[in-house]
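Just query-v2.csv here, CSV, C-alpha atoms and all ligand atoms:
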chain,number,residue,atom,x,y,z
A,25,MET,CA,26.0,-44.3,14.2
A,26,GLY,CA,23.8,-42.0,16.3
A,27,PRO,CA,23.7,-38.2,16.1
A,28,PRO,CA,26.5,-36.2,17.6
A,29,ASP,CA,26.2,-35.2,21.3
A,30,LYS,CA,25.8,-31.4,21.1
A,31,ALA,CA,26.1,-31.1,24.9
A,32,ARG,CA,29.7,-32.1,24.9
A,33,ALA,CA,32.4,-30.1,26.6
A,34,PRO,CA,34.7,-27.6,24.8
A,35,LYS,CA,37.6,-28.9,22.7
A,36,TYR,CA,40.4,-28.0,25.2
A,37,ASP,CA,38.7,-29.1,28.3
A,38,VAL,CA,41.9,-29.1,30.2
A,39,PRO,CA,42.0,-26.7,33.1
A,40,LEU,CA,45.0,-28.5,34.6
A,41,VAL,CA,48.7,-28.3,34.4
A,42,PRO,CA,50.5,-30.5,31.8
A,43,GLY,CA,52.6,-33.3,33.3
A,44,ARG,CA,51.1,-33.2,36.8
A,45,ALA,CA,49.2,-36.4,37.8
A,46,HIS,CA,45.4,-36.0,38.3
A,47,VAL,CA,43.2,-38.5,40.0
A,48,GLY,CA,39.7,-39.3,38.7
A,49,ILE,CA,37.3,-38.8,41.7
A,50,ILE,CA,35.3,-42.0,41.2
A,51,THR,CA,37.8,-44.4,39.6
A,52,ARG,CA,41.0,-43.3,41.3
A,53,VAL,CA,42.8,-43.6,38.0
A,54,THR,CA,45.8,-41.3,37.7
A,55,TYR,CA,45.8,-39.3,34.5
A,56,LEU,CA,48.6,-37.4,32.8
A,57,LEU,CA,46.1,-34.8,32.0
A,58,ALA,CA,42.3,-34.7,32.6
A,59,GLY,CA,39.4,-32.5,32.0
A,60,THR,CA,35.9,-32.9,33.3
A,61,VAL,CA,34.9,-35.6,30.8
A,62,VAL,CA,38.0,-37.4,29.6
A,63,GLY,CA,41.6,-38.0,30.7
A,64,ILE,CA,44.7,-39.5,29.1
A,65,ARG,CA,47.0,-42.0,30.6
A,66,LYS,CA,49.7,-44.4,29.5
A,67,VAL,CA,48.4,-47.7,28.1
A,68,GLU,CA,49.2,-50.7,30.3
A,69,VAL,CA,49.5,-54.4,29.7
A,70,ASP,CA,46.6,-54.8,32.0
A,71,ASP,CA,44.4,-53.0,29.5
A,72,VAL,CA,44.7,-55.8,27.0
A,73,ASP,CA,41.3,-57.5,27.7
A,74,GLU,CA,39.5,-54.2,27.4
A,75,LEU,CA,41.4,-53.3,24.3
A,76,VAL,CA,40.7,-56.6,22.6
A,77,ARG,CA,37.0,-56.3,23.4
A,78,LEU,CA,36.8,-52.8,22.1
A,79,ALA,CA,38.9,-53.5,18.9
A,80,ARG,CA,36.6,-56.4,18.0
A,81,GLU,CA,33.5,-54.2,18.5
A,82,SER,CA,35.1,-51.6,16.2
A,83,VAL,CA,36.2,-53.6,13.2
A,84,GLU,CA,33.8,-51.9,10.8
A,85,LEU,CA,34.7,-48.4,12.0
A,86,HIS,CA,38.4,-49.1,11.8
A,87,ARG,CA,38.6,-51.3,8.7
A,88,ARG,CA,39.8,-48.8,6.1
A,89,TRP,CA,41.8,-46.6,8.4
A,90,ALA,CA,43.4,-48.3,11.4
A,91,THR,CA,44.5,-51.7,12.5
A,92,PRO,CA,44.5,-52.1,16.3
A,93,PRO,CA,45.3,-55.7,17.2
A,94,GLN,CA,42.2,-58.0,17.6
A,95,THR,CA,43.6,-60.7,19.9
A,96,GLU,CA,45.4,-60.9,23.2
A,97,GLN,CA,48.4,-62.4,21.5
A,98,ALA,CA,48.6,-59.7,18.9
A,99,TRP,CA,48.4,-57.0,21.6
A,100,ALA,CA,51.2,-58.7,23.5
A,101,ALA,CA,53.4,-58.9,20.4
A,102,TRP,CA,52.6,-55.3,19.6
A,103,PHE,CA,53.6,-54.1,23.1
A,104,VAL,CA,57.0,-55.9,23.1
A,105,THR,CA,57.9,-54.5,19.7
A,106,ARG,CA,57.4,-50.9,20.8
A,107,ASP,CA,60.6,-48.9,21.2
A,108,PRO,CA,60.0,-47.0,24.5
A,109,GLN,CA,62.4,-44.3,23.4
A,110,ALA,CA,60.4,-43.6,20.2
A,111,TRP,CA,56.9,-44.3,21.3
A,112,ALA,CA,54.3,-43.2,23.8
A,113,GLY,CA,51.2,-45.3,23.9
A,114,LEU,CA,48.2,-43.5,25.4
A,115,VAL,CA,44.6,-44.2,26.0
A,116,ILE,CA,41.7,-41.8,26.4
A,117,CYS,CA,39.3,-42.6,29.2
A,118,GLU,CA,35.9,-41.4,30.1
A,119,ILE,CA,36.5,-40.3,33.6
A,120,ALA,CA,33.0,-41.0,35.0
A,121,ALA,CA,33.1,-44.6,33.8
A,122,GLY,CA,36.8,-45.2,34.1
A,123,ALA,CA,36.5,-46.8,30.7
A,124,ILE,CA,38.8,-46.6,27.6
A,125,VAL,CA,37.1,-44.7,24.8
A,126,GLY,CA,40.0,-44.2,22.4
A,127,GLN,CA,43.7,-44.7,21.8
A,128,VAL,CA,46.5,-42.4,20.6
A,129,ASN,CA,50.0,-43.6,19.8
A,130,VAL,CA,52.8,-41.0,19.6
A,131,ASN,CA,55.0,-42.9,17.1
A,132,ASN,CA,58.4,-42.3,15.6
A,133,ILE,CA,59.5,-39.8,18.2
A,134,VAL,CA,62.8,-38.2,17.2
A,135,TYR,CA,64.5,-35.5,19.4
A,136,ALA,CA,67.7,-33.5,18.6
A,137,ALA,CA,66.8,-30.7,16.1
A,138,PHE,CA,63.6,-32.4,14.9
A,139,ARG,CA,61.6,-33.0,18.2
A,140,SER,CA,58.8,-34.4,16.1
A,141,ALA,CA,56.5,-37.5,16.1
A,142,ALA,CA,53.7,-39.1,14.1
A,143,LEU,CA,50.3,-39.7,15.6
A,144,GLY,CA,48.1,-42.8,15.2
A,145,TYR,CA,44.7,-42.7,16.8
A,146,ASN,CA,41.2,-44.2,16.8
A,147,VAL,CA,38.1,-44.0,18.8
A,148,PHE,CA,36.2,-47.2,19.7
A,149,ALA,CA,32.8,-47.7,18.1
A,150,SER,CA,30.6,-47.3,21.2
A,151,SER,CA,32.3,-43.9,21.9
A,152,ALA,CA,32.4,-42.5,18.4
A,153,ARG,CA,31.2,-38.9,17.6
A,154,ARG,CA,30.7,-37.9,21.2
A,155,GLY,CA,33.6,-35.4,21.2
A,156,PHE,CA,35.9,-37.7,23.2
A,157,MET,CA,38.6,-37.7,20.5
A,158,THR,CA,38.6,-34.0,20.1
A,159,GLN,CA,39.1,-33.5,23.8
A,160,GLY,CA,41.5,-36.4,24.3
A,161,LEU,CA,43.7,-35.6,21.3
A,162,GLY,CA,43.7,-32.0,22.5
A,163,GLN,CA,45.1,-33.3,25.8
A,164,VAL,CA,47.7,-35.4,24.0
A,165,ILE,CA,48.9,-32.4,22.1
A,166,ARG,CA,49.4,-30.4,25.3
A,167,TYR,CA,51.2,-33.4,26.9
A,168,ALA,CA,53.4,-33.9,23.8
A,169,PHE,CA,54.5,-30.2,23.7
A,170,ALA,CA,54.9,-29.7,27.5
A,171,GLU,CA,58.5,-29.5,28.7
A,172,ASP,CA,57.5,-31.9,31.5
A,173,GLY,CA,55.6,-34.1,29.1
A,174,LEU,CA,57.2,-35.3,25.9
A,175,ALA,CA,58.9,-31.9,25.1
A,176,LEU,CA,58.2,-32.2,21.4
A,177,HIS,CA,57.9,-29.3,18.9
A,178,ARG,CA,55.9,-30.9,16.1
A,179,LEU,CA,53.2,-33.6,15.7
A,180,GLU,CA,52.1,-34.9,12.3
A,181,ALA,CA,49.0,-36.9,11.4
A,182,ASN,CA,49.0,-38.8,8.1
A,183,ILE,CA,45.4,-39.1,6.8
A,184,GLN,CA,43.9,-40.6,3.7
A,185,PRO,CA,42.2,-37.8,1.7
A,186,ASP,CA,38.7,-39.4,2.0
A,187,ASN,CA,38.9,-40.0,5.8
A,188,ALA,CA,36.5,-37.1,6.5
A,189,ALA,CA,36.2,-37.9,10.2
A,190,SER,CA,39.9,-37.7,10.8
A,191,ILE,CA,40.5,-34.6,8.7
A,192,ALA,CA,37.6,-32.9,10.6
A,193,LEU,CA,39.2,-33.9,13.9
A,194,VAL,CA,42.7,-32.5,13.1
A,195,LYS,CA,41.3,-29.3,11.5
A,196,ARG,CA,39.3,-28.7,14.7
A,197,LEU,CA,42.4,-29.0,16.7
A,198,GLY,CA,44.3,-26.5,14.6
A,199,PHE,CA,46.6,-28.7,12.4
A,200,ARG,CA,47.6,-27.4,9.0
A,201,LEU,CA,47.9,-29.3,5.7
A,202,GLU,CA,51.5,-29.6,4.7
A,203,GLY,CA,51.2,-31.7,1.6
A,204,LEU,CA,50.4,-35.1,0.1
A,205,SER,CA,52.6,-38.2,0.5
A,206,PRO,CA,51.8,-40.6,-2.3
A,207,ASP,CA,51.7,-44.4,-1.6
A,208,PHE,CA,52.5,-43.7,2.1
A,209,LEU,CA,51.0,-46.6,4.1
A,210,PHE,CA,49.9,-50.1,3.3
A,211,LEU,CA,46.3,-50.3,4.6
A,212,ASP,CA,43.4,-52.5,3.7
A,213,GLY,CA,45.3,-54.3,1.0
A,214,ALA,CA,47.0,-51.4,-0.9
A,215,TRP,CA,49.5,-48.6,-0.6
A,216,ARG,CA,47.5,-45.5,0.2
A,217,ASP,CA,48.2,-41.8,-0.5
A,218,HIS,CA,48.0,-39.7,2.7
A,219,GLU,CA,47.7,-36.1,3.4
A,220,ARG,CA,50.3,-34.8,5.9
A,221,TRP,CA,48.7,-32.7,8.6
A,222,ALA,CA,50.9,-31.2,11.3
A,223,ILE,CA,50.9,-28.9,14.3
A,224,THR,CA,53.8,-27.2,16.0
A,225,SER,CA,54.0,-25.9,19.6
A,226,GLU,CA,53.8,-22.3,18.3
A,227,MET,CA,50.4,-23.0,16.8
A,228,VAL,CA,48.7,-24.1,20.1
B,301,LIG,C1,38.8,-40.2,13.3
B,301,LIG,C2,38.1,-40.5,14.5
B,301,LIG,C3,39.2,-40.8,15.6
B,301,LIG,C4,37.2,-39.4,15.0
B,301,LIG,O1,36.6,-39.8,16.2
B,301,LIG,P1,35.2,-39.1,16.6
B,301,LIG,O2,34.7,-39.9,17.7
B,301,LIG,O3,34.3,-38.9,15.5
B,301,LIG,O4,35.7,-37.7,17.2
B,301,LIG,P2,34.9,-36.6,17.9
B,301,LIG,O5,33.6,-37.1,18.4
B,301,LIG,O6,35.8,-35.9,18.8
B,301,LIG,O7,34.7,-35.5,16.7
B,301,LIG,C5,33.4,-35.6,16.0
B,301,LIG,C6,33.5,-34.6,14.8
B,301,LIG,O8,34.3,-35.2,13.8
B,301,LIG,C7,33.6,-35.1,12.6
B,301,LIG,N1,33.3,-36.4,12.1
B,301,LIG,C8,33.2,-37.5,12.8
B,301,LIG,N2,32.8,-38.5,12.0
B,301,LIG,C9,32.6,-38.0,10.7
B,301,LIG,C10,32.3,-38.5,9.5
B,301,LIG,N3,32.0,-39.8,9.3
B,301,LIG,N4,32.2,-37.7,8.4
B,301,LIG,C11,32.5,-36.4,8.6
B,301,LIG,N5,32.9,-35.8,9.7
B,301,LIG,C12,32.9,-36.6,10.8
B,301,LIG,C13,32.5,-34.2,12.7
B,301,LIG,O9,32.9,-32.9,12.5
B,301,LIG,C14,32.2,-34.4,14.2
B,301,LIG,O10,31.6,-33.2,14.7
B,301,LIG,P3,30.0,-33.2,14.8
B,301,LIG,O11,29.7,-34.4,15.6
B,301,LIG,O12,29.7,-31.9,15.4
B,301,LIG,O13,29.5,-33.3,13.4
B,301,LIG,C15,37.2,-41.8,14.4
B,301,LIG,O14,36.3,-41.6,13.3
B,301,LIG,C16,38.0,-43.1,14.1
B,301,LIG,O15,38.5,-43.7,15.0
B,301,LIG,N6,38.0,-43.5,12.8
B,301,LIG,C17,38.7,-44.8,12.5
B,301,LIG,C18,40.2,-44.8,12.7
B,301,LIG,C19,40.8,-43.6,12.0
B,301,LIG,O16,40.4,-43.1,11.0
B,301,LIG,N7,41.9,-43.2,12.6
B,301,LIG,C20,42.7,-42.0,12.1
B,301,LIG,C21,43.6,-42.5,10.9
B,301,LIG,S1,44.4,-41.1,10.2

Here is the file; what I need is its structure written in the form of structure tokens.
Ligand SMILES: CC(C)(COP(=O)(O)OP(=O)(O)OC[C@H]1O[C@@H](n2cnc3c(N)ncnc32)[C@H](O)[C@@H]1OP(=O)(O)O)[C@@H](O)C(=O)NCCC(=O)NCCS
Amino acid sequence: MGPPDKARAPKYDVPLVPGRAHVGIITRVTYLLAGTVVGIRKVEVDDVDELVRLARESVELHRRWATPPQTEQAWAAWFVTRDPQAWAGLVICEIAAGAIVGQVNVNNIVYAAFRSAALGYNVFASSARRGFMTQGLGQVIRYAFAEDGLALHRLEANIQPDNAASIALVKRLGFRLEGLSPDFLFLDGAWRDHERWAITSEMV
């Protein structure tokens, strides 16, 4: 892992209006939100080859914390089991290259009086510690809270207490620690305690 890129753009590099489509100048990709460096868009079935390659490259980085599918078949199965009412699958792309650098799933979306969802996210290894996740997740937060986005009120991230990178990420984006959920997720062979970090629209 190389040193962090100190020349990266600020955390909320989003001078644009939530919910409006923006087109990358070079790649002509349409983003839900974009800054100068990264943009977010919905994940598509056509992304599978790229996602498989990236997930395989990132096994060591993800091993303890996240489980993106490693094969085309596993991705296909994953796509068809998503409930479109309760899930928004997003990718973070580096605009200049038009390449996927990370992934964010807005899971367990519940509306009515709750208007809340749970985030799952990961960077891919070749793009780690370049500030892409800070910027991209910042855009996801804006999209999730925008009335013409997902119109949510609260987002939570459940993080193992020793996942320093993930805790640093949500702290930087303004999440607050709500509490500890013991034996919360089965990961890397065991039920793992998770800290519950959350942000509401009033906090942005
Ligand atoms: C958590 C994760 C998405 C962060 O991605 P990232 O590429 O490091 O994010 P950014 O580049 O935007 O942020 C970098 C900052 O995060 C912090 N950070 C990153 N890696 C860190 C580490 N290993 N230890 C401590 N802090 C770390 C630093 O504060 C860093 O800032 P710095 O470069 O100025 O020191 C990434 O580490 C990842 O995908 N991990 C595996 C999957 C995972 O944990 N998902 C979340 C499950 S809750």

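Nearest to A:Leu176 of all the residues A:Ala137, A:Leu209, A:Ile191, A:Leu204 is A:Ala137, counting only C-alpha atoms.
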
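Residues in contact range of A:Arg77, defined as at most 9 Å between only C-alpha atoms, with sequence neighbours fewer than 4 positions away removed, read Val72, Asp73, Glu81, Ser82, Gln94 and Thr95 of chain A.
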
Dump the neighbourhood of ligand LIG 301 (chain B) as a PDB file with C-alpha atoms, in the frame of the given file: all residues within 6 Å, distances computed on only C-alpha atoms and all ligand atoms.
ATOM      1  CA  PRO A  28      26.500 -36.200  17.600  1.00  0.00           C
ATOM      2  CA  LEU A  85      34.700 -48.400  12.000  1.00  0.00           C
ATOM      3  CA  HIS A  86      38.400 -49.100  11.800  1.00  0.00           C
ATOM      4  CA  TRP A  89      41.800 -46.600   8.400  1.00  0.00           C
ATOM      5  CA  ALA A  90      43.400 -48.300  11.400  1.00  0.00           C
ATOM      6  CA  TYR A 145      44.700 -42.700  16.800  1.00  0.00           C
ATOM      7  CA  ASN A 146      41.200 -44.200  16.800  1.00  0.00           C
ATOM      8  CA  VAL A 147      38.100 -44.000  18.800  1.00  0.00           C
ATOM      9  CA  ALA A 152      32.400 -42.500  18.400  1.00  0.00           C
ATOM     10  CA  ARG A 153      31.200 -38.900  17.600  1.00  0.00           C
ATOM     11  CA  ARG A 154      30.700 -37.900  21.200  1.00  0.00           C
ATOM     12  CA  GLY A 155      33.600 -35.400  21.200  1.00  0.00           C
ATOM     13  CA  PHE A 156      35.900 -37.700  23.200  1.00  0.00           C
ATOM     14  CA  MET A 157      38.600 -37.700  20.500  1.00  0.00           C
ATOM     15  CA  THR A 158      38.600 -34.000  20.100  1.00  0.00           C
ATOM     16  CA  ASN A 182      49.000 -38.800   8.100  1.00  0.00           C
ATOM     17  CA  ILE A 183      45.400 -39.100   6.800  1.00  0.00           C
ATOM     18  CA  ALA A 188      36.500 -37.100   6.500  1.00  0.00           C
ATOM     19  CA  ALA A 189      36.200 -37.900  10.200  1.00  0.00           C
ATOM     20  CA  SER A 190      39.900 -37.700  10.800  1.00  0.00           C
ATOM     21  CA  ALA A 192      37.600 -32.900  10.600  1.00  0.00           C
ATOM     22  CA  LEU A 193      39.200 -33.900  13.900  1.00  0.00           C
TER      23      LEU A 193
END

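Of the residues under consideration (A:Ser225, A:Ser205, A:Asn187, A:Gln109), A:Asn187 shows the shortest atom-to-atom contact distance to A:Arg87 when counting all atoms listed in the file.
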
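With distances restricted to all atoms listed in the file, A:Ala181 is the closest residue to A:His218 from A:Ala181, A:Ala110, A:Leu174, A:Val83.
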
May I have the residues within 12 Å of A:Met227 as a compact mmCIF listing (two decimals) with C-alpha atoms, in the coordinates of the input, using all atoms listed in the file and disregarding those fewer than 6 positions away in the same chain?
# COMPACT_ATOMS: atom_id res chain seq x y z
CA ILE A 165 48.90 -32.40 22.10
CA ARG A 166 49.40 -30.40 25.30
CA PHE A 169 54.50 -30.20 23.70
CA HIS A 177 57.90 -29.30 18.90
CA ARG A 178 55.90 -30.90 16.10
CA LEU A 179 53.20 -33.60 15.70
CA LEU A 197 42.40 -29.00 16.70
CA GLY A 198 44.30 -26.50 14.60
CA PHE A 199 46.60 -28.70 12.40
CA ARG A 200 47.60 -27.40 9.00

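Going from atom CA of A:Ala112 to atom CA of A:Arg80 covers 22.8 Å.
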
Q.
I'd like to know which of A:Arg139, A:Arg196, A:Arg65, A:Arg88 is closest to A:Leu114, using only C-alpha atoms.
A. A:Arg65

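Picture a line from atom CA of A:Pro92 to atom CA of A:Val128; it runs 10.8 Å.
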
**Q.** Distance in Å - atom CA of A:Trp111 versus atom CA of A:Gly144
**A.** 10.8 Å

Once 4 Å is added on each side, what are the centre and the three edge lengths, in Å to one decimal, of the axis-aligned box enclosing the listed atoms of stretch 75-91 of chain A? Present them as AutoDock Vina command-line options.
--center_x 39.0 --center_y -51.6 --center_z 15.2 --size_x 19.0 --size_y 18.0 --size_z 26.2

Contacts of A:Glu68 at 10 Å or less, counting only C-alpha atoms, minus same-chain residues fewer than 5 places along, as a compact mmCIF listing (two decimals) with C-alpha atoms, keeping the file's coordinate frame?
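To be explicit, this is the file written out as out.txt:
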# COMPACT_ATOMS: atom_id res chain seq x y z
CA PHE A 103 53.60 -54.10 23.10
CA GLY A 113 51.20 -45.30 23.90
CA LEU A 114 48.20 -43.50 25.40
CA VAL A 115 44.60 -44.20 26.00

**Q.** Selection near A:Ala141, 6 Å with only C-alpha atoms, sequence-local residues under 5 positions removed, as number ranges by chain
**A.** A: 131-133, 179

Prev. selection, C-alpha atoms, output as a CSV table (one decimal), in the frame of the given file:
chain,number,residue,atom,x,y,z
A,131,ASN,CA,55.0,-42.9,17.1
A,132,ASN,CA,58.4,-42.3,15.6
A,133,ILE,CA,59.5,-39.8,18.2
A,179,LEU,CA,53.2,-33.6,15.7

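With all atoms listed in the file as the atoms that count, the minimum distance from A:Asp212 to the choices A:Val130, A:Ala121, A:Val164, A:Glu84 is reached by A:Glu84.
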
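Nearest to A:Gln159 of all the residues A:Glu202, A:Asp71, A:Ala58, A:Ala136 is A:Ala58, counting only C-alpha atoms.
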